[in-house]
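Q: Below you'll find protein33.cif; it's mmCIF, C-alpha atoms.
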data_final
#
loop_
_atom_site.label_atom_id
_atom_site.label_comp_id
_atom_site.auth_asym_id
_atom_site.auth_seq_id
_atom_site.Cartn_x
_atom_site.Cartn_y
_atom_site.Cartn_z
CA SER A 1 23.30 0.57 1.96
CA VAL A 2 19.65 1.09 1.15
CA ALA A 3 19.57 -1.30 -1.79
CA TRP A 4 17.48 -3.78 0.16
CA THR A 5 14.74 -1.14 0.53
CA ARG A 6 14.23 -1.07 -3.23
CA ARG A 7 14.44 -4.70 -4.28
CA HIS A 8 10.91 -5.90 -3.71
CA HIS A 9 8.86 -2.80 -3.11
CA ALA A 10 8.10 -1.92 -6.71
CA ARG A 11 4.57 -0.65 -6.89
CA ALA A 12 2.22 -3.45 -7.90
CA ARG A 13 0.49 -2.67 -11.17
CA ARG A 14 -3.24 -2.83 -10.94
CA PRO A 15 -5.09 -5.02 -13.45
CA ARG A 16 -5.87 -2.96 -16.51
CA ARG A 17 -9.53 -2.35 -17.11
CA PRO A 18 -11.25 -0.92 -20.17
CA LEU A 19 -11.69 2.85 -19.94
CA ARG A 20 -15.32 3.74 -20.42
CA SER A 21 -16.28 6.84 -22.31
CA ARG A 22 -18.05 8.47 -19.37
CA GLU A 23 -17.22 8.46 -15.69
CA MET A 24 -20.62 9.92 -14.74
CA PRO A 25 -24.03 9.77 -16.40
CA PRO A 26 -25.50 12.88 -18.02
CA GLY A 27 -28.33 14.76 -16.39
CA ASP A 28 -29.14 16.19 -13.00
CA LEU A 29 -27.14 14.23 -10.42
CA SER A 30 -29.18 15.69 -7.58
CA ARG A 31 -32.15 13.58 -8.71
CA MET A 32 -30.18 10.37 -9.06
CA ASP A 33 -31.49 7.21 -7.42
CA PRO A 34 -29.09 6.60 -4.49
CA ARG A 35 -29.19 2.89 -5.29
CA GLN A 36 -27.31 3.64 -8.51
CA VAL A 37 -24.44 5.32 -6.70
CA PRO A 38 -22.32 2.27 -5.70
CA ALA A 39 -22.18 0.98 -9.28
CA LEU A 40 -21.37 4.44 -10.63
CA VAL A 41 -18.65 4.98 -8.07
CA MET A 42 -17.04 1.61 -8.77
CA ARG A 43 -17.09 2.35 -12.50
CA SER A 44 -15.42 5.69 -11.87
CA VAL A 45 -12.87 4.00 -9.58
CA GLU A 46 -12.02 1.51 -12.32
CA ASN A 47 -11.60 4.32 -14.84
CA ALA A 48 -9.39 6.30 -12.47
CA ARG A 49 -7.20 3.28 -11.76
CA THR A 50 -6.79 2.71 -15.48
CA ALA A 51 -5.87 6.37 -15.91
CA LEU A 52 -3.26 6.02 -13.15
CA ASP A 53 -1.80 2.94 -14.84
CA ASP A 54 -1.53 4.99 -18.03
CA GLY A 55 0.21 7.83 -16.19
CA LYS A 56 -2.77 10.17 -16.58
CA VAL A 57 -2.67 11.36 -13.01
CA ASP A 58 -4.52 14.65 -13.49
CA THR A 59 -7.33 12.78 -15.22
CA ALA A 60 -7.60 10.38 -12.30
CA ILE A 61 -7.66 13.24 -9.80
CA LYS A 62 -10.42 15.01 -11.75
CA MET A 63 -12.48 11.80 -11.90
CA MET A 64 -12.20 11.09 -8.21
CA LYS A 65 -12.87 14.68 -7.12
CA SER A 66 -16.07 14.56 -9.16
CA THR A 67 -16.95 11.21 -7.60
CA ASP A 68 -16.24 12.56 -4.12
CA ALA A 69 -18.65 15.44 -4.78
CA LEU A 70 -21.31 13.01 -5.98
CA CYS A 71 -20.89 10.82 -2.90
CA SER A 72 -21.21 13.82 -0.62
CA ARG A 73 -24.29 15.07 -2.44
CA VAL A 74 -26.26 11.84 -2.25
CA VAL A 75 -24.75 10.64 1.05
CA ALA A 76 -23.20 7.47 -0.39
CA PRO A 77 -22.49 4.50 1.87
CA PRO A 78 -19.24 5.06 3.80
CA THR A 79 -17.49 2.08 2.23
CA VAL A 80 -18.36 3.36 -1.25
CA HIS A 81 -17.31 6.93 -0.53
CA GLY A 82 -14.24 5.58 1.23
CA ILE A 83 -12.91 3.68 -1.77
CA ALA A 84 -13.31 6.76 -3.98
CA LEU A 85 -11.31 8.84 -1.52
CA ARG A 86 -8.71 6.07 -1.24
CA VAL A 87 -8.10 6.17 -4.99
CA LEU A 88 -8.03 9.98 -4.90
CA ALA A 89 -5.32 9.79 -2.23
CA ASP A 90 -3.38 7.35 -4.43
CA ALA A 91 -3.61 9.81 -7.30
CA TYR A 92 -2.32 12.66 -5.13
CA MET A 93 0.65 10.52 -4.08
CA GLU A 94 1.35 9.66 -7.72
CA LYS A 95 1.26 13.37 -8.49
CA ALA A 96 3.65 14.09 -5.63
CA ALA A 97 6.03 11.47 -6.98
CA GLY A 98 5.84 12.97 -10.47
CA ARG A 99 4.72 9.71 -12.07
CA THR A 100 3.02 10.43 -15.39
CA GLU A 101 2.84 8.69 -18.72
CA SER A 102 5.64 10.85 -20.16
CA GLY A 103 7.63 10.84 -16.94
CA THR A 104 7.16 14.59 -16.53
CA VAL A 105 3.82 16.33 -16.92
CA GLU A 106 0.63 15.41 -18.75
CA ALA A 107 -0.01 16.70 -22.22
CA SER A 108 -3.14 18.49 -21.05
CA GLU A 109 -1.13 20.89 -18.91
CA SER A 110 -0.32 24.33 -20.26
CA GLY A 111 3.12 25.21 -21.50
CA GLU A 112 3.46 27.68 -18.68
CA ASP A 113 2.80 24.97 -16.10
CA ALA A 114 5.13 22.58 -17.86
CA ALA A 115 7.91 25.15 -17.75
CA LYS A 116 7.98 25.23 -13.94
CA ASP A 117 11.29 23.64 -13.08
CA ASN A 118 12.37 25.61 -10.08
CA GLY A 119 13.55 23.16 -7.41
CA LYS A 120 11.91 25.04 -4.57
CA GLU A 121 8.57 25.23 -6.35
CA GLU A 122 8.67 21.52 -7.14
CA ALA A 123 9.43 20.61 -3.53
CA GLU A 124 6.58 22.80 -2.29
CA GLU A 125 4.20 21.31 -4.86
CA GLU A 126 5.18 17.77 -3.86
CA SER A 127 4.55 18.59 -0.21
CA ASP A 128 1.15 20.06 -1.09
CA TYR A 129 0.06 16.90 -2.89
CA VAL A 130 1.20 14.70 0.00
CA ASP A 131 -0.83 16.90 2.34
CA CYS A 132 -3.80 16.54 -0.01
CA ALA A 133 -3.45 12.76 0.18
CA LYS A 134 -3.30 12.83 3.97
CA ARG A 135 -6.34 15.10 4.22
CA THR A 136 -8.22 12.87 1.80
CA LEU A 137 -7.53 9.73 3.83
CA LYS A 138 -8.50 11.51 7.04
CA LYS A 139 -11.77 12.61 5.44
CA ALA A 140 -12.48 9.02 4.40
CA LEU A 141 -11.75 7.71 7.89
CA ASP A 142 -13.92 10.41 9.48
CA ILE A 143 -16.81 9.39 7.22
CA CYS A 144 -16.37 5.73 8.21
CA LYS A 145 -15.97 6.47 11.92
CA VAL A 146 -19.49 7.90 12.09
CA HIS A 147 -20.82 4.41 11.43
CA ASP A 148 -18.11 2.38 13.16
CA GLY A 149 -19.45 0.52 16.19
CA LYS A 150 -23.09 1.36 15.58
CA ALA A 151 -25.46 -1.09 17.22
CA GLY A 152 -27.66 -3.22 15.04
CA MET A 153 -25.46 -3.26 11.95
CA PRO A 154 -25.55 -6.57 10.07
CA ARG A 155 -22.35 -8.54 10.37
CA PHE A 156 -21.50 -8.20 6.68
CA MET A 157 -21.75 -4.40 6.98
CA VAL A 158 -19.53 -4.42 10.08
CA GLN A 159 -16.94 -6.44 8.19
CA ASP A 160 -17.13 -4.32 5.02
CA LEU A 161 -16.67 -1.16 7.06
CA ALA A 162 -13.77 -2.68 9.00
CA GLY A 163 -12.08 -3.75 5.78
CA ARG A 164 -12.40 -0.29 4.26
CA MET A 165 -11.07 1.38 7.41
CA GLY A 166 -8.21 -1.10 7.61
CA ASP A 167 -7.18 -0.24 4.07
CA LEU A 168 -7.41 3.49 4.77
CA TYR A 169 -5.34 3.20 7.95
CA ALA A 170 -2.71 1.15 6.11
CA ALA A 171 -2.49 3.74 3.34
CA GLN A 172 -2.22 6.50 5.93
CA GLY A 173 0.54 4.60 7.69
CA GLU A 174 2.53 4.27 4.48
CA ILE A 175 2.46 8.01 3.90
CA PHE A 176 3.63 8.69 7.45
CA ARG A 177 6.41 6.12 6.97
CA GLN A 178 7.58 7.80 3.78
CA GLU A 179 7.73 11.08 5.68
CA GLY A 180 9.80 9.48 8.44
CA ASN A 181 7.01 10.00 10.98
CA TYR A 182 7.35 6.50 12.40
CA LYS A 183 5.28 7.14 15.52
CA GLU A 184 2.19 7.97 13.47
CA ALA A 185 3.02 5.34 10.88
CA LEU A 186 3.10 2.58 13.48
CA ARG A 187 -0.07 3.89 15.10
CA SER A 188 -1.97 3.89 11.79
CA LEU A 189 -0.68 0.47 10.74
CA ARG A 190 -1.65 -1.08 14.06
CA LEU A 191 -5.12 0.43 13.78
CA GLY A 192 -5.28 -1.11 10.33
CA ILE A 193 -4.34 -4.52 11.73
CA GLY A 194 -7.16 -4.24 14.26
CA LYS A 195 -9.70 -3.52 11.53
CA PHE A 196 -8.42 -6.32 9.31
CA GLU A 197 -8.81 -8.69 12.25
CA VAL A 198 -12.48 -7.67 12.51
CA LEU A 199 -12.80 -8.36 8.79
CA GLY A 200 -11.23 -11.77 9.36
CA ALA A 201 -8.74 -11.27 6.52
CA ASN A 202 -5.56 -12.87 7.81
CA GLU A 203 -3.70 -12.16 4.59
CA PHE A 204 -4.17 -8.42 5.15
CA VAL A 205 -3.23 -8.76 8.80
CA GLY A 206 -0.02 -10.56 7.90
CA ALA A 207 0.88 -8.14 5.11
CA THR A 208 0.37 -5.19 7.47
CA TYR A 209 2.56 -6.82 10.11
CA ASN A 210 5.23 -6.89 7.40
CA ARG A 211 4.79 -3.14 6.96
CA VAL A 212 5.09 -2.59 10.70
CA ALA A 213 8.31 -4.59 10.64
CA TYR A 214 9.54 -2.51 7.71
CA CYS A 215 9.10 0.66 9.78
CA TYR A 216 11.30 -0.82 12.50
CA MET A 217 13.84 -1.87 9.87
CA GLU A 218 14.08 1.67 8.57
CA LYS A 219 14.70 2.73 12.17
CA GLU A 220 17.35 -0.02 12.40
CA GLN A 221 15.48 -1.62 15.30
CA TRP A 222 16.13 -5.13 14.07
CA LYS A 223 14.92 -7.07 17.12
CA GLU A 224 11.60 -5.23 17.19
CA ALA A 225 11.20 -5.93 13.48
CA LEU A 226 11.82 -9.64 14.05
CA GLU A 227 9.01 -9.75 16.61
CA GLU A 228 6.56 -8.28 14.10
CA LEU A 229 7.71 -10.71 11.42
CA GLN A 230 7.01 -13.57 13.78
CA ASN A 231 3.43 -12.29 14.02
CA ALA A 232 3.17 -12.14 10.24
CA GLU A 233 4.41 -15.71 9.83
CA ARG A 234 1.99 -16.98 12.46
CA ILE A 235 -1.09 -15.26 11.09
CA VAL A 236 -0.78 -16.11 7.39
CA ASN A 237 -0.33 -19.84 7.81
CA GLY A 238 -2.67 -21.50 5.34
CA VAL A 239 -4.10 -18.36 3.67
CA GLU A 240 -4.41 -18.17 -0.10
CA ALA A 241 -1.67 -15.56 -0.48
CA GLU A 242 0.66 -17.30 1.98
CA SER A 243 3.63 -17.62 -0.40
CA ALA A 244 3.46 -14.00 -1.57
CA ILE A 245 3.32 -12.63 1.97
CA LEU A 246 5.89 -15.00 3.44
CA SER A 247 8.36 -14.30 0.65
CA THR A 248 8.55 -10.75 2.00
CA THR A 249 8.38 -11.87 5.64
CA PHE A 250 11.42 -14.12 5.31
CA ALA A 251 13.35 -11.64 3.15
CA TYR A 252 12.86 -9.04 5.88
CA ARG A 253 13.85 -11.59 8.51
CA GLY A 254 16.99 -12.42 6.59
CA GLU A 255 17.91 -8.75 6.38
CA CYS A 256 17.37 -8.26 10.12
CA LEU A 257 19.48 -11.29 11.00
CA LYS A 258 22.19 -10.19 8.60
CA ARG A 259 22.30 -6.80 10.32
CA LEU A 260 22.58 -8.61 13.67
CA ASP A 261 25.52 -10.57 12.21
CA LYS A 262 23.70 -13.90 12.50
CA ILE A 263 24.69 -15.09 9.06
CA GLN A 264 23.68 -18.74 9.26
CA LEU A 265 20.23 -17.82 10.57
CA ALA A 266 20.02 -15.17 7.87
CA ARG A 267 20.85 -17.80 5.25
CA ALA A 268 18.04 -20.01 6.55
CA ALA A 269 15.63 -17.09 6.33
CA PHE A 270 16.70 -16.23 2.79
CA GLU A 271 16.40 -19.88 1.76
CA SER A 272 12.76 -19.73 2.88
CA ALA A 273 12.33 -16.39 1.15
CA LEU A 274 13.69 -17.93 -2.04
CA LYS A 275 11.27 -20.86 -1.80
CA PHE A 276 8.23 -18.66 -1.23
CA GLY A 277 9.44 -16.07 -3.72
CA MET A 278 9.70 -18.67 -6.47
CA ALA A 279 6.28 -20.06 -5.58
CA SER A 280 4.62 -16.64 -5.73
CA GLY A 281 6.63 -15.08 -8.55
CA ASN A 282 8.18 -12.40 -6.34
CA GLU A 283 11.19 -11.75 -8.56
CA GLY A 284 12.65 -9.05 -6.33
CA VAL A 285 12.84 -11.39 -3.36
CA VAL A 286 14.23 -14.20 -5.53
CA ARG A 287 17.07 -11.98 -6.78
CA GLU A 288 17.86 -10.69 -3.31
CA ALA A 289 17.85 -14.16 -1.76
CA GLU A 290 20.01 -15.69 -4.50
CA GLU A 291 22.50 -12.85 -4.24
CA PHE A 292 22.83 -13.14 -0.47
CA LEU A 293 23.10 -16.93 -0.52
CA ALA A 294 25.82 -16.74 -3.19
CA GLN A 295 27.76 -14.13 -1.25
CA THR A 296 27.62 -16.15 1.97
CA GLN A 297 28.21 -19.61 0.52
CA GLN A 298 31.21 -20.07 2.80
CA HIS A 299 28.81 -20.02 5.76
CA SER A 300 26.72 -22.86 4.38
CA THR A 301 26.38 -25.92 6.61
CA VAL A 302 25.98 -28.14 3.54
CA ASP A 303 28.98 -30.15 2.38
CA ASP A 304 29.29 -29.30 -1.30
CA SER A 305 31.39 -32.43 -1.92
CA ALA A 306 28.32 -34.52 -1.19
CA PHE A 307 26.91 -33.47 -4.55
CA LEU A 308 30.04 -34.40 -6.55
#
As a first step, turn the structure in this file into C-alpha cells.

A:
Amino acid sequence: SVAWTRRHHARARRPRRPLRSREMPPGDLSRMDPRQVPALVMRSVENARTALDDGKVDTAIKMMKSTDALCSRVVAPPTVHGIALRVLADAYMEKAAGRTESGTVEASESGEDAAKDNGKEEAEEESDYVDCAKRTLKKALDICKVHDGKAGMPRFMVQDLAGRMGDLYAAQGEIFRQEGNYKEALRSLRLGIGKFEVLGANEFVGATYNRVAYCYMEKEQWKEALEELQNAERIVNGVEAESAILSTTFAYRGECLKRLDKIQLARAAFESALKFGMASGNEGVVREAEEFLAQTQQHSTVDDSAFL
C-alpha cells in the first residue's frame, strides 16, 4: 500500500499576498539602480507565489522569467537571483503536475492548445517542464557557487548564501526523488543539510533529514531510514518548529517499525507522532496515528480495565 505516502505530504499552501498591479516598473531597466533590484525581485516573487496559489501557473512562469532576465542584466546578488529561480522551478513543477485554477489549463491559453489531449504529448510536455525545473535549479546553484567559499565575505552573507543553496539543493533533491533517481536525490539532500548547518538553521536540517529518510522508505530500506530519523530527532530538539518536524519524524518512524513488524515500538512512535501532530496542527499525521493505534489496540501494553 502507498496510502502512507499521501497522508501528510499535501503541498503546504503559501500565505496569500496581495497581487500588485505591476511586477516590474516601467522604463528602461538597463538604467535601473542595482540597489532597487532586491526589493523589485521580492515583490515579483510575492506576486508569482500568489499567482501559483490561484492556479495561474503560466502567469507565474512569465513573471519569474522576466525577473530572471532582469537579475541577469543587472547582475543581482546571488541570493536574490536564486530565490527568483527557485520560484520559477516551482512554477515549472506545478505546470508539469497540471495544477491550475480550473484543474486543466489556464483561460489565457488558446483553444488549440487547450485541445491537446493526446496522452503521449502530455507525457512529453510534463517531462519537458520537469527538465526545465531541473535546469533552472542548476542555474541557480551555479550562480551561487561562484560566490560560495569566497574569502572575506561577511558572516551574514556567508549564512544567507548557504541558506539559499540549501533550499535549492533540497528542491533539487525532491525532483530527483519524484523521478525515482534516489542516488542523486540523496546526494542533493545531503548537500542541502550541509548548507543548512552552515546557516545554523536546525529546523531546516531536521526537516531535510526527514526527506532523506523518506527516500529510504520509498526504497523500502527501513533500517537506513530509521538512522536518518534519529538524526532528525536529535537536531530539532528545542527549535521553534519542533512539534511540526517531529510529528513527521515519528510518523515515519512508526511506519518503518510497522514494516519491520515491531508493532509495539511502532505504537510508541505513533503515540509520539499523535502528540506532536496535535500540537502542530498536522492533521494528516493525526489521522494516520489514530488509525494505526486503533487498528493495533490489541497490542497495547495498557490495561483498559484500569480506566473502568

Q: Kindly resolve the PyMOL selection byres ((chain A and resi 222) around 12) on the present coordinates and return the residues as JSON, numbers by chain.

A: {"A": [212, 213, 214, 215, 216, 217, 218, 219, 220, 221, 223, 224, 225, 226, 227, 228, 229, 252, 253, 254, 255, 256, 257, 258, 259, 260, 261, 262]}

Q: List the residues sitting within 10 Å of (-8.3, 5.3, 0.6) in the file's frame, using all atoms listed in the file, as a short mmCIF file (atom, residue, chain, number, x, y, z; two decimals) with C-alpha atoms, in the frame of the given file.

A:
data_model
loop_
_atom_site.label_atom_id
_atom_site.label_comp_id
_atom_site.auth_asym_id
_atom_site.auth_seq_id
_atom_site.Cartn_x
_atom_site.Cartn_y
_atom_site.Cartn_z
CA THR A 79 -17.49 2.08 2.23
CA HIS A 81 -17.31 6.93 -0.53
CA GLY A 82 -14.24 5.58 1.23
CA ILE A 83 -12.91 3.68 -1.77
CA ALA A 84 -13.31 6.76 -3.98
CA LEU A 85 -11.31 8.84 -1.52
CA ARG A 86 -8.71 6.07 -1.24
CA VAL A 87 -8.10 6.17 -4.99
CA LEU A 88 -8.03 9.98 -4.90
CA ALA A 89 -5.32 9.79 -2.23
CA ASP A 90 -3.38 7.35 -4.43
CA ALA A 133 -3.45 12.76 0.18
CA LYS A 134 -3.30 12.83 3.97
CA THR A 136 -8.22 12.87 1.80
CA LEU A 137 -7.53 9.73 3.83
CA LYS A 138 -8.50 11.51 7.04
CA LYS A 139 -11.77 12.61 5.44
CA ALA A 140 -12.48 9.02 4.40
CA LEU A 141 -11.75 7.71 7.89
CA ARG A 164 -12.40 -0.29 4.26
CA MET A 165 -11.07 1.38 7.41
CA GLY A 166 -8.21 -1.10 7.61
CA ASP A 167 -7.18 -0.24 4.07
CA LEU A 168 -7.41 3.49 4.77
CA TYR A 169 -5.34 3.20 7.95
CA ALA A 170 -2.71 1.15 6.11
CA ALA A 171 -2.49 3.74 3.34
CA GLN A 172 -2.22 6.50 5.93
#

Q: So which one's closest to Ser243 of chain A, A:Gly277, A:Gly192, A:Asn210, A:Asp58? Using all atoms listed in the file, please.

A: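 That would be A:Gly277, the residue with the smallest distance to Ser243 of chain A.
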
Q: Suppose you want the space between atom CA of Ala97 of chain A and atom CA of Ala162 of chain A; what is it in Å?

A: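 According to the coordinates, atom CA of Ala97 of chain A and atom CA of Ala162 of chain A are separated by 29.1 Å.
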
Q: Counting all atoms listed in the file, what is within 8 Å of segment 38-45 of chain A, bar same-chain residues fewer than 3 positions away, as a list of chain:residue names?

A: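 The residues that qualify are A:Glu23, A:Met24, A:Arg35, A:Ala48, A:Arg49, A:Met63, A:Met64, A:Thr67, A:Ala76, A:Pro77, A:Val80, A:His81, A:Ile83, A:Ala84, A:Val87.
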
Q: Just the selected residues (C-alpha atoms), exported as a CSV table (one decimal), keeping the file's coordinate frame, please.

A:
chain,number,residue,atom,x,y,z
A,23,GLU,CA,-17.2,8.5,-15.7
A,24,MET,CA,-20.6,9.9,-14.7
A,35,ARG,CA,-29.2,2.9,-5.3
A,48,ALA,CA,-9.4,6.3,-12.5
A,49,ARG,CA,-7.2,3.3,-11.8
A,63,MET,CA,-12.5,11.8,-11.9
A,64,MET,CA,-12.2,11.1,-8.2
A,67,THR,CA,-17.0,11.2,-7.6
A,76,ALA,CA,-23.2,7.5,-0.4
A,77,PRO,CA,-22.5,4.5,1.9
A,80,VAL,CA,-18.4,3.4,-1.2
A,81,HIS,CA,-17.3,6.9,-0.5
A,83,ILE,CA,-12.9,3.7,-1.8
A,84,ALA,CA,-13.3,6.8,-4.0
A,87,VAL,CA,-8.1,6.2,-5.0

Q: Measuring atom to atom with all atoms listed in the file, identify which of A:Glu242, A:Leu186, A:Arg234, A:Val130 is nearest to Glu203 of chain A.

A: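 Nearest candidate to Glu203 of chain A out of A:Glu242, A:Leu186, A:Arg234, A:Val130: A:Glu242.
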
Q: Would you mind reading off the distance between atom CA of Thr249 of chain A and atom CA of Glu179 of chain A, one decimal, in Å?

A: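 Pair atom CA of Thr249 of chain A / atom CA of Glu179 of chain A returns 23.0 Å.
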
Q: Could you check the closest approach to Ala266 of chain A for each of A:Arg287, A:His299, A:Arg135, A:Arg187 and tell me which residue wins, using all atoms listed in the file?

A: A:His299

Q: Could you expand the PyMOL selection byres ((chain A and resi 201) around 12) into the explicit residues it covers here, written as a VMD selection string?

A: chain A and resid 159 to 160 162 to 164 166 to 167 192 to 200 202 to 208 235 to 236 238 to 241

Q: Go through the shown structure with the PyMOL selection byres ((chain A and resi 274) around 9) and write out the matching residues as a PDB file with C-alpha atoms, in the frame of the given file.

A:
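And here is the file that came out, selection01.pdb:
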ATOM      1  CA  SER A 247       8.360 -14.300   0.650  1.00  0.00           C
ATOM      2  CA  PHE A 250      11.420 -14.120   5.310  1.00  0.00           C
ATOM      3  CA  ALA A 251      13.350 -11.640   3.150  1.00  0.00           C
ATOM      4  CA  ALA A 269      15.630 -17.090   6.330  1.00  0.00           C
ATOM      5  CA  PHE A 270      16.700 -16.230   2.790  1.00  0.00           C
ATOM      6  CA  GLU A 271      16.400 -19.880   1.760  1.00  0.00           C
ATOM      7  CA  SER A 272      12.760 -19.730   2.880  1.00  0.00           C
ATOM      8  CA  ALA A 273      12.330 -16.390   1.150  1.00  0.00           C
ATOM      9  CA  LYS A 275      11.270 -20.860  -1.800  1.00  0.00           C
ATOM     10  CA  PHE A 276       8.230 -18.660  -1.230  1.00  0.00           C
ATOM     11  CA  GLY A 277       9.440 -16.070  -3.720  1.00  0.00           C
ATOM     12  CA  MET A 278       9.700 -18.670  -6.470  1.00  0.00           C
ATOM     13  CA  ALA A 279       6.280 -20.060  -5.580  1.00  0.00           C
ATOM     14  CA  ASN A 282       8.180 -12.400  -6.340  1.00  0.00           C
ATOM     15  CA  VAL A 285      12.840 -11.390  -3.360  1.00  0.00           C
ATOM     16  CA  VAL A 286      14.230 -14.200  -5.530  1.00  0.00           C
ATOM     17  CA  ARG A 287      17.070 -11.980  -6.780  1.00  0.00           C
ATOM     18  CA  GLU A 288      17.860 -10.690  -3.310  1.00  0.00           C
ATOM     19  CA  ALA A 289      17.850 -14.160  -1.760  1.00  0.00           C
ATOM     20  CA  GLU A 290      20.010 -15.690  -4.500  1.00  0.00           C
TER      21      GLU A 290
END

Q: Distance atom CA of Ile61 of chain A-atom CA of Lys95 of chain A, one decimal place?

A: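 Pair atom CA of Ile61 of chain A / atom CA of Lys95 of chain A returns 9.0 Å.
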
Q: Name all residues at most 7 Å from Ala51 of chain A (count only C-alpha atoms; drop same-chain ones fewer than 6 positions away) and give them as a ChimeraX atom specification.

A: /A:57,59-60
